[in-house]
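This is input.txt (compact mmCIF, C-alpha atoms).
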```txt
# COMPACT_ATOMS: atom_id res chain seq x y z
CA MET A 8 -80.20 -55.49 49.07
CA SER A 9 -77.56 -54.74 51.62
CA ILE A 10 -77.39 -51.35 53.24
CA LEU A 11 -74.00 -50.71 51.66
CA LYS A 12 -75.31 -51.34 48.16
CA LYS A 13 -78.21 -49.04 48.89
CA ILE A 14 -75.85 -46.28 49.91
CA ILE A 15 -73.69 -46.77 46.84
CA ARG A 16 -76.71 -46.63 44.57
CA TRP A 17 -78.02 -43.56 46.33
CA ALA A 18 -74.67 -41.84 45.84
CA ARG A 19 -74.54 -42.89 42.21
CA ILE A 20 -77.96 -41.48 41.47
CA LYS A 21 -77.43 -38.29 43.44
CA SER A 22 -74.07 -37.56 41.86
CA PRO A 23 -73.49 -39.05 38.41
CA TRP A 24 -70.14 -37.89 37.06
CA ILE A 25 -69.91 -37.64 33.33
CA ILE A 26 -67.22 -37.63 30.69
CA HIS A 27 -68.00 -35.90 27.44
CA PHE A 28 -66.54 -37.31 24.23
CA ASN A 29 -66.97 -35.92 20.75
CA THR A 30 -67.00 -38.86 18.34
CA GLY A 31 -67.12 -36.70 15.24
CA ALA A 32 -69.84 -34.15 15.92
CA CYS A 33 -70.05 -30.74 14.29
CA ASN A 34 -69.73 -29.13 17.77
CA ALA A 35 -73.37 -28.01 17.96
CA CYS A 36 -74.31 -30.81 20.37
CA ASP A 37 -71.13 -30.14 22.37
CA ILE A 38 -72.17 -26.53 22.82
CA GLU A 39 -75.63 -27.65 23.95
CA ILE A 40 -74.11 -30.09 26.44
CA VAL A 41 -72.00 -27.31 27.88
CA ALA A 42 -75.08 -25.05 27.95
CA ALA A 43 -76.96 -27.74 29.86
CA LEU A 44 -74.19 -27.98 32.46
CA THR A 45 -73.67 -24.27 33.02
CA PRO A 46 -75.86 -22.12 35.33
CA ARG A 47 -78.59 -21.22 32.86
CA TYR A 48 -79.95 -24.80 32.68
CA ASP A 49 -77.83 -26.06 35.56
CA LEU A 50 -77.62 -29.82 35.21
CA GLU A 51 -75.40 -29.65 38.29
CA ARG A 52 -78.47 -29.40 40.48
CA PHE A 53 -78.86 -33.13 39.83
CA GLY A 54 -75.29 -33.65 40.97
CA VAL A 55 -73.96 -33.99 37.45
CA ILE A 56 -70.33 -32.95 37.22
CA ILE A 57 -68.18 -33.13 34.12
CA LYS A 58 -64.87 -34.86 34.71
CA GLY A 59 -61.65 -34.73 32.78
CA THR A 60 -60.91 -38.46 32.83
CA PRO A 61 -63.03 -41.53 32.06
CA ARG A 62 -61.61 -43.25 35.17
CA HIS A 63 -63.65 -40.94 37.39
CA ALA A 64 -66.84 -41.02 35.34
CA ASP A 65 -70.05 -43.05 35.52
CA VAL A 66 -71.72 -41.75 32.39
CA LEU A 67 -70.18 -41.41 28.93
CA VAL A 68 -71.87 -38.60 27.01
CA CYS A 69 -71.20 -38.98 23.29
CA SER A 70 -72.04 -36.52 20.56
CA GLY A 71 -71.75 -37.18 16.88
CA PRO A 72 -71.61 -40.20 14.57
CA VAL A 73 -68.79 -42.67 15.17
CA THR A 74 -66.16 -41.96 12.56
CA LEU A 75 -63.61 -44.58 11.56
CA GLN A 76 -60.88 -42.52 13.19
CA THR A 77 -62.61 -42.25 16.59
CA GLN A 78 -64.08 -45.75 16.88
CA ASP A 79 -61.06 -47.26 18.63
CA ARG A 80 -60.60 -44.20 20.86
CA LEU A 81 -64.25 -44.42 21.90
CA LEU A 82 -63.88 -48.07 22.85
CA ARG A 83 -60.72 -47.31 24.81
CA ILE A 84 -62.42 -44.56 26.78
CA TYR A 85 -65.39 -46.80 27.48
CA GLU A 86 -63.15 -49.62 28.68
CA GLN A 87 -61.36 -47.28 31.09
CA MET A 88 -64.58 -46.37 32.90
CA PRO A 89 -65.37 -48.28 36.11
CA GLU A 90 -68.49 -50.46 36.31
CA PRO A 91 -71.38 -49.80 36.32
CA LYS A 92 -71.25 -47.42 33.38
CA PHE A 93 -73.85 -45.85 31.15
CA VAL A 94 -73.72 -44.30 27.72
CA VAL A 95 -75.83 -41.33 26.61
CA ALA A 96 -76.03 -40.56 22.89
CA VAL A 97 -76.72 -36.84 22.37
CA GLY A 98 -78.02 -35.69 19.01
CA THR A 99 -79.48 -37.35 15.94
CA CYS A 100 -76.05 -38.23 14.59
CA ALA A 101 -75.10 -40.05 17.77
CA CYS A 102 -78.44 -41.90 17.76
CA SER A 103 -78.37 -43.20 14.20
CA GLY A 104 -75.60 -41.60 12.18
CA GLY A 105 -78.02 -38.92 11.00
CA VAL A 106 -77.17 -37.24 7.73
CA PHE A 107 -73.76 -38.92 7.79
CA GLN A 108 -75.22 -42.40 7.33
CA GLY A 109 -73.37 -44.14 4.51
CA CYS A 110 -70.57 -41.59 4.46
CA TYR A 111 -67.24 -43.21 3.64
CA SER A 112 -65.59 -42.13 6.87
CA VAL A 113 -68.48 -42.87 9.24
CA ARG A 114 -69.43 -46.14 10.86
CA ALA A 115 -72.92 -45.39 12.27
CA GLY A 116 -74.51 -44.25 15.54
CA ILE A 117 -72.96 -44.86 18.96
CA ASP A 118 -75.05 -48.03 19.37
CA SER A 119 -73.08 -49.70 16.59
CA ILE A 120 -70.16 -49.95 19.03
CA LEU A 121 -71.42 -49.49 22.60
CA PRO A 122 -74.58 -50.38 24.51
CA VAL A 123 -76.47 -47.09 24.83
CA SER A 124 -78.80 -46.33 27.77
CA VAL A 125 -80.38 -43.09 26.57
CA PHE A 126 -80.87 -41.69 23.07
CA ILE A 127 -81.44 -37.94 22.93
CA PRO A 128 -82.44 -36.93 19.39
CA GLY A 129 -82.33 -33.38 18.07
CA CYS A 130 -80.12 -31.41 15.73
CA PRO A 131 -78.69 -30.16 17.97
CA ALA A 132 -80.35 -31.70 21.02
CA SER A 133 -81.59 -28.80 23.15
CA PRO A 134 -80.38 -28.48 26.75
CA LYS A 135 -83.92 -29.22 27.93
CA ALA A 136 -83.91 -32.48 25.99
CA ILE A 137 -80.51 -33.37 27.41
CA ILE A 138 -81.75 -32.71 30.97
CA ASP A 139 -84.83 -34.81 30.24
CA GLY A 140 -82.65 -37.65 29.01
CA VAL A 141 -80.36 -37.50 32.00
CA VAL A 142 -83.31 -37.43 34.43
CA LYS A 143 -84.81 -40.46 32.65
CA LEU A 144 -81.49 -42.27 32.99
CA LEU A 145 -81.30 -41.46 36.72
CA ASP A 146 -84.95 -42.49 37.14
CA SER A 147 -84.28 -45.83 35.51
CA LEU A 148 -81.57 -46.54 38.06
CA GLU A 149 -83.93 -46.09 40.97
CA ASP A 150 -85.64 -49.13 42.42
CA LYS A 151 -89.21 -48.08 41.85
CA PRO A 152 -91.97 -48.91 39.36
CA LYS A 153 -91.35 -47.36 35.97
CA LYS A 154 -93.54 -44.49 34.90
CA GLU A 155 -95.66 -44.96 31.83
CA MET A 156 -94.39 -43.01 28.85
CA ALA A 157 -96.66 -40.19 27.75
CA PRO A 158 -98.21 -41.06 24.37
CA VAL A 159 -97.53 -38.66 21.53
CA LEU A 160 -101.16 -38.73 20.32
CA PRO A 161 -104.29 -38.87 22.48
CA LYS A 162 -105.07 -42.46 23.45
CA LYS A 163 -108.37 -42.46 21.59
CA GLU A 164 -106.69 -41.72 18.25
CA LEU A 165 -104.00 -44.31 18.89
CA ALA A 166 -106.70 -46.94 19.52
CA GLN A 167 -108.46 -46.09 16.29
CA GLY A 168 -105.25 -46.47 14.35
CA ASN A 169 -105.25 -42.90 13.11
CA ALA A 170 -101.59 -42.47 13.81
CA THR A 171 -99.89 -41.23 10.68
CA MET B 2 -54.17 -6.74 -16.60
CA THR B 3 -57.70 -7.29 -17.78
CA GLU B 4 -59.35 -10.58 -18.70
CA GLU B 5 -59.04 -9.73 -22.40
CA GLN B 6 -55.33 -8.97 -22.08
CA ILE B 7 -54.72 -12.27 -20.26
CA LYS B 8 -56.56 -14.12 -23.00
CA GLN B 9 -54.59 -12.39 -25.74
CA GLN B 10 -51.25 -12.99 -24.06
CA ILE B 11 -51.95 -16.71 -23.60
CA GLU B 12 -53.06 -17.07 -27.20
CA HIS B 13 -50.04 -15.12 -28.38
CA GLN B 14 -47.65 -17.29 -26.40
CA PHE B 15 -49.20 -20.68 -27.20
CA GLY B 16 -50.53 -21.03 -30.74
CA TYR B 17 -52.38 -24.27 -29.98
CA LEU B 18 -54.46 -22.53 -27.30
CA LYS B 19 -56.31 -20.37 -29.83
CA ASP B 20 -59.91 -19.97 -28.65
CA ALA B 21 -59.17 -22.25 -25.69
CA VAL B 22 -59.46 -19.40 -23.19
CA VAL B 23 -63.10 -18.70 -22.37
CA ILE B 24 -64.17 -15.61 -20.44
CA LYS B 25 -67.28 -16.87 -18.69
CA ARG B 26 -68.01 -13.60 -16.92
CA ALA B 27 -66.17 -10.74 -15.27
CA ARG B 28 -62.95 -11.96 -13.59
CA ARG B 29 -63.61 -15.64 -14.40
CA LEU B 30 -61.59 -17.38 -17.10
CA TRP B 31 -61.51 -21.02 -18.12
CA LEU B 32 -58.72 -22.71 -19.99
CA ASP B 33 -58.65 -26.31 -21.21
CA VAL B 34 -55.14 -27.60 -21.80
CA PRO B 35 -54.02 -30.93 -23.31
CA MET B 36 -52.38 -33.11 -20.69
CA ASP B 37 -48.91 -33.18 -22.26
CA LYS B 38 -48.79 -29.37 -22.57
CA PHE B 39 -49.98 -28.71 -19.05
CA GLU B 40 -46.65 -28.13 -17.34
CA GLU B 41 -45.30 -25.50 -19.72
CA VAL B 42 -48.60 -23.60 -19.63
CA PHE B 43 -48.75 -23.79 -15.84
CA VAL B 44 -45.19 -22.54 -15.44
CA TYR B 45 -45.80 -19.71 -17.90
CA LEU B 46 -49.04 -18.61 -16.25
CA THR B 47 -47.56 -18.52 -12.77
CA GLU B 48 -44.15 -17.08 -13.58
CA ALA B 49 -44.58 -14.77 -16.59
CA MET B 50 -48.15 -13.69 -15.89
CA PRO B 51 -49.78 -12.14 -12.83
CA LEU B 52 -51.58 -15.38 -11.86
CA VAL B 53 -49.39 -15.82 -8.80
CA ARG B 54 -51.67 -17.65 -6.38
CA LEU B 55 -52.91 -21.23 -6.34
CA LEU B 56 -56.32 -21.15 -4.66
CA THR B 57 -57.10 -24.85 -4.73
CA ILE B 58 -57.06 -27.93 -6.93
CA THR B 59 -60.29 -29.71 -7.83
CA GLY B 60 -60.48 -33.34 -8.83
CA MET B 61 -63.49 -34.78 -10.63
CA ASP B 62 -64.61 -38.18 -11.82
CA GLU B 63 -65.97 -37.66 -15.35
CA GLY B 64 -66.63 -41.29 -16.20
CA THR B 65 -64.00 -42.22 -18.77
CA THR B 66 -61.57 -39.52 -17.63
CA PHE B 67 -60.62 -37.62 -14.51
CA GLY B 68 -60.70 -33.85 -14.58
CA ILE B 69 -58.23 -31.77 -12.60
CA ILE B 70 -58.81 -28.04 -12.27
CA TYR B 71 -56.08 -25.72 -10.99
CA HIS B 72 -57.66 -22.49 -9.77
CA LEU B 73 -55.11 -19.73 -10.25
CA ALA B 74 -55.71 -16.19 -9.08
CA ALA B 75 -54.18 -12.80 -9.73
CA GLU B 76 -53.85 -10.07 -7.11
CA SER B 77 -56.52 -8.10 -8.97
CA GLY B 78 -59.13 -10.78 -8.26
CA ILE B 79 -59.12 -12.48 -11.64
CA ILE B 80 -59.38 -16.28 -11.37
CA LEU B 81 -58.27 -18.58 -14.14
CA ASN B 82 -59.42 -22.19 -13.98
CA LEU B 83 -56.85 -24.34 -15.72
CA ARG B 84 -58.38 -27.71 -16.56
CA ILE B 85 -56.81 -30.94 -17.75
CA HIS B 86 -58.33 -34.34 -18.42
CA ILE B 87 -56.38 -37.49 -17.63
CA PRO B 88 -57.25 -41.05 -18.66
CA ARG B 89 -58.87 -43.40 -16.17
CA GLU B 90 -56.26 -46.13 -16.65
CA ASN B 91 -53.24 -45.52 -14.38
CA PRO B 92 -54.14 -41.88 -13.71
CA ALA B 93 -51.21 -39.70 -12.69
CA ILE B 94 -50.43 -36.00 -12.42
CA GLN B 95 -47.24 -34.12 -11.73
CA SER B 96 -46.88 -32.58 -8.30
CA MET B 97 -46.78 -28.78 -8.18
CA THR B 98 -45.34 -28.59 -4.68
CA SER B 99 -42.04 -27.26 -5.99
CA LYS B 100 -43.85 -24.10 -7.15
CA PHE B 101 -46.61 -23.90 -4.54
CA SER B 102 -46.01 -25.61 -1.22
CA CYS B 103 -49.73 -25.24 -0.51
CA ALA B 104 -50.43 -27.73 -3.33
CA ASP B 105 -49.28 -30.51 -1.02
CA ILE B 106 -52.53 -30.84 0.88
CA TYR B 107 -54.74 -30.62 -2.24
CA GLU B 108 -52.69 -33.25 -4.01
CA ARG B 109 -52.80 -35.59 -1.04
CA GLU B 110 -56.58 -35.24 -1.04
CA ILE B 111 -56.79 -36.05 -4.76
CA LYS B 112 -54.51 -39.04 -4.25
CA ASP B 113 -56.52 -40.39 -1.31
CA LEU B 114 -60.07 -39.76 -2.50
CA LEU B 115 -59.77 -40.31 -6.26
CA GLY B 116 -56.78 -42.64 -6.46
CA ILE B 117 -54.81 -40.43 -8.84
CA GLN B 118 -51.07 -40.89 -8.44
CA VAL B 119 -49.16 -37.66 -7.81
CA LEU B 120 -45.61 -37.92 -9.13
CA GLY B 121 -43.04 -36.09 -7.05
CA LEU B 122 -45.22 -35.61 -3.99
CA PRO B 123 -43.01 -35.45 -0.88
CA GLU B 124 -43.19 -38.25 1.67
CA GLY B 125 -45.73 -37.71 4.43
CA ARG B 126 -48.79 -38.95 6.23
CA ARG B 127 -51.93 -39.68 4.30
CA TYR B 128 -54.73 -37.13 4.22
CA PRO B 129 -57.72 -37.02 4.80
CA LEU B 130 -58.72 -40.69 5.17
CA THR B 131 -58.18 -42.69 8.34
CA ASP B 132 -54.87 -44.34 9.11
CA ASN B 133 -56.16 -47.88 8.62
CA TRP B 134 -58.06 -47.21 5.40
CA PRO B 135 -57.86 -50.27 3.09
CA ASP B 136 -55.83 -50.04 -0.10
CA GLY B 137 -57.56 -49.66 -3.45
CA GLU B 138 -60.71 -47.96 -2.11
CA TYR B 139 -61.29 -44.48 -3.52
CA PRO B 140 -64.50 -43.00 -2.08
CA LEU B 141 -64.98 -40.11 -4.50
CA ARG B 142 -64.97 -42.32 -7.60
CA LYS B 143 -68.42 -42.63 -9.09
CA ASP B 144 -68.26 -46.44 -9.28
CA TRP B 145 -67.29 -46.81 -5.59
CA LYS B 146 -69.89 -48.81 -3.70
CA GLY B 147 -68.86 -48.18 -0.08
CA LEU B 148 -66.97 -50.13 2.53
CA SER B 149 -68.19 -53.37 4.05
CA THR B 150 -68.31 -53.45 7.85
CA GLU B 151 -65.29 -55.78 7.94
CA LYS B 152 -63.25 -53.32 5.92
CA LYS B 153 -64.19 -50.42 8.19
CA GLY B 154 -61.60 -51.73 10.63
CA GLY B 155 -61.57 -51.06 14.33
CA THR B 156 -61.11 -53.28 17.37
CA LEU B 157 -64.68 -54.56 17.25
CA ASN B 158 -64.14 -56.24 13.88
CA ALA B 159 -60.84 -57.73 14.98
CA GLN B 160 -62.47 -59.62 17.84
```
Before we go any further, please render this structure as C-alpha cells.
Amino acid sequence: MSILKKIIRWARIKSPWIIHFNTGACNACDIEIVAALTPRYDLERFGVIIKGTPRHADVLVCSGPVTLQTQDRLLRIYEQMPEPKFVVAVGTCACSGGVFQGCYSVRAGIDSILPVSVFIPGCPASPKAIIDGVVKLLDSLEDKPKKEMAPVLPKKELAQGNAT
Amino acid sequence: MTEEQIKQQIEHQFGYLKDAVVIKRARRLWLDVPMDKFEEVFVYLTEAMPLVRLLTITGMDEGTTFGIIYHLAAESGIILNLRIHIPRENPAIQSMTSKFSCADIYEREIKDLLGIQVLGLPEGRRYPLTDNWPDGEYPLRKDWKGLSTEKKGGTLNAQ
C-alpha cells in the first residue's frame, strides 16, 4: 500500500463524516443519534462530525424502515456520496422493517435497497449501542486482524447446545 | 341541549328515524341513517341543531358493505355518530366539503385507502398514499393481500 493511500485511510478512520437521513422513523432513533453526537456521549471524540450534505459525507446513517415515499430519495442521497461510502442502519426498523414489516407503505429494512455495513438494533437504539456500532465500523476499516466477537452465552453452554 | 332533547328533536323532525337514535352513554349518541336520506339528515343536524363541528369521518370495511361514520360534536361536548352503510359495488359518497372544509382530508383518506368514490371532492393531490401508488389497490379493504415488490415502485425495480 502506498504511503498516500495509508494517509487517506488514516484520515478516513480518524475523521468519518456522517450524513443522517430519516427514512421513515418515528424520530426516537433520530433523537438518540443526536444524543450520541452531543457532549454527553460525545461521538465527536472519534472525529465523527455530522454534515449537512451527502457530498461531504463518508457514512450514511439511516433510521427507520424504508417507506415507499423515501426509497428513491434514499438512493439519490446514497448516489451523491463519494466513494468509499458506508451505510449504518440505526434501530430495529432500519435493520429489518421492525413492526412495520408488511405495512402497505413500507418496503423493508435499509438492506433491501442499499448495502449496509453496520446494523444497530434497539427500539430506539441507545447512544451507547450507536457508539459501539460506529467503533466497530471504524475498526473494520483498519488493516489489522479482526477481533473475535464475544459470545452471548459462556462457551461451555454453546458447545453443549444448550442455547435456547 | 341534552342528549334526550337531541333524540326527541331528531325523531320529531324525521318520522322514519323513530328509535334510530341510541344514547349509548352520557354525551354519546349513535344514529343509523339510510343512505338515500343521509344528506337531508346531515344538513338538518349541522344547521338546525347545535351539532356544529365535524370531528372526523371514519370508513370501515364491513364485508358486504362499507360503513361511513360522521362524528359530529356540539359545543357542550355531546358527540353524535352518524352512520351510513353503502354497497360494496361502485361505492360512492357525497362530499361534505361545501359545509365543512375540514372534511377534505378525511374524504381523501377514505378515497385512497378504501377506494370509495367521493362525489364533488375538489381537485387536489392524493393523500395519504405515495405519489406512484398503483391504481386499484386499496390497502384498508379486508380482502387486500398486499403489494408485490414490483408494484412497490422505486428506481431499484425499474432497473
Kindly assemble as a Markdown table a list of the chain A residues that lie within 7 Å of chain B, each paired with its nearest atom pair and their distance in Å to one decimal, using only C-alpha atoms, sorted first by chain and then by ascending residue number.
```
| residue | atom | partner | partner_atom | distance |
| --- | --- | --- | --- | --- |
| A:Leu75 | CA | B:Thr131 | CA | 6.6 |
| A:Gln76 | CA | B:Thr131 | CA | 5.6 |
| A:Gln78 | CA | B:Gly155 | CA | 6.4 |
| A:Asp79 | CA | B:Gly155 | CA | 5.8 |
| A:Tyr111 | CA | B:Pro140 | CA | 6.3 |
```
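Reported to one decimal place, the separation of atom CA of A:Leu82 from atom CA of A:Leu145 is 23.2 Å.
Minimum distance to B:Leu55 across B:Gln14, B:Pro35, B:Ser102, B:Glu90 (counting only C-alpha atoms) occurs at B:Ser102.
Here atom CA of B:Tyr45 is placed at a distance of 24.3 Å from atom CA of B:Ile117.
Going from atom CA of A:Gly116 to atom CA of A:Cys102 covers 5.1 Å.
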Among listed residues B:Ala74, B:Val44, B:Ile69, B:Leu81, nearest B:Arg26 (using all atoms listed in the file): B:Leu81
For A:Arg62, work out the shell of residues within 10 Å, counting only C-alpha atoms and skipping chain neighbours fewer than 2 positions away, then give it as a PyMOL selection string. chain A and resi 26+58-60+64-65+84-89
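Residues lying within 10 Å of (-56.4, -20.8, -22.8). Counted over only C-alpha atoms, they are Ile7, Lys8, Gln9, Gln10, Ile11, Glu12, Phe15, Gly16, Tyr17, Leu18, Lys19, Asp20, Ala21, Val22, Val23, Ile24, Leu30, Trp31, Leu32, Asp33, Val34, Val42, Leu81, Asn82, Leu83 and Arg84 of chain B.
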Can I get the selection written as a PDB file, in the coordinates of the input, with C-alpha atoms?
```pdb
ATOM      1  CA  ILE B   7     -54.720 -12.270 -20.260  1.00  0.00           C
ATOM      2  CA  LYS B   8     -56.560 -14.120 -23.000  1.00  0.00           C
ATOM      3  CA  GLN B   9     -54.590 -12.390 -25.740  1.00  0.00           C
ATOM      4  CA  GLN B  10     -51.250 -12.990 -24.060  1.00  0.00           C
ATOM      5  CA  ILE B  11     -51.950 -16.710 -23.600  1.00  0.00           C
ATOM      6  CA  GLU B  12     -53.060 -17.070 -27.200  1.00  0.00           C
ATOM      7  CA  PHE B  15     -49.200 -20.680 -27.200  1.00  0.00           C
ATOM      8  CA  GLY B  16     -50.530 -21.030 -30.740  1.00  0.00           C
ATOM      9  CA  TYR B  17     -52.380 -24.270 -29.980  1.00  0.00           C
ATOM     10  CA  LEU B  18     -54.460 -22.530 -27.300  1.00  0.00           C
ATOM     11  CA  LYS B  19     -56.310 -20.370 -29.830  1.00  0.00           C
ATOM     12  CA  ASP B  20     -59.910 -19.970 -28.650  1.00  0.00           C
ATOM     13  CA  ALA B  21     -59.170 -22.250 -25.690  1.00  0.00           C
ATOM     14  CA  VAL B  22     -59.460 -19.400 -23.190  1.00  0.00           C
ATOM     15  CA  VAL B  23     -63.100 -18.700 -22.370  1.00  0.00           C
ATOM     16  CA  ILE B  24     -64.170 -15.610 -20.440  1.00  0.00           C
ATOM     17  CA  LEU B  30     -61.590 -17.380 -17.100  1.00  0.00           C
ATOM     18  CA  TRP B  31     -61.510 -21.020 -18.120  1.00  0.00           C
ATOM     19  CA  LEU B  32     -58.720 -22.710 -19.990  1.00  0.00           C
ATOM     20  CA  ASP B  33     -58.650 -26.310 -21.210  1.00  0.00           C
ATOM     21  CA  VAL B  34     -55.140 -27.600 -21.800  1.00  0.00           C
ATOM     22  CA  VAL B  42     -48.600 -23.600 -19.630  1.00  0.00           C
ATOM     23  CA  LEU B  81     -58.270 -18.580 -14.140  1.00  0.00           C
ATOM     24  CA  ASN B  82     -59.420 -22.190 -13.980  1.00  0.00           C
ATOM     25  CA  LEU B  83     -56.850 -24.340 -15.720  1.00  0.00           C
ATOM     26  CA  ARG B  84     -58.380 -27.710 -16.560  1.00  0.00           C
TER      27      ARG B  84
END
```
Of B:Lys152, B:Arg29, B:Arg54, B:Arg142, the one nearest to B:Thr66 when counting only C-alpha atoms is B:Arg142
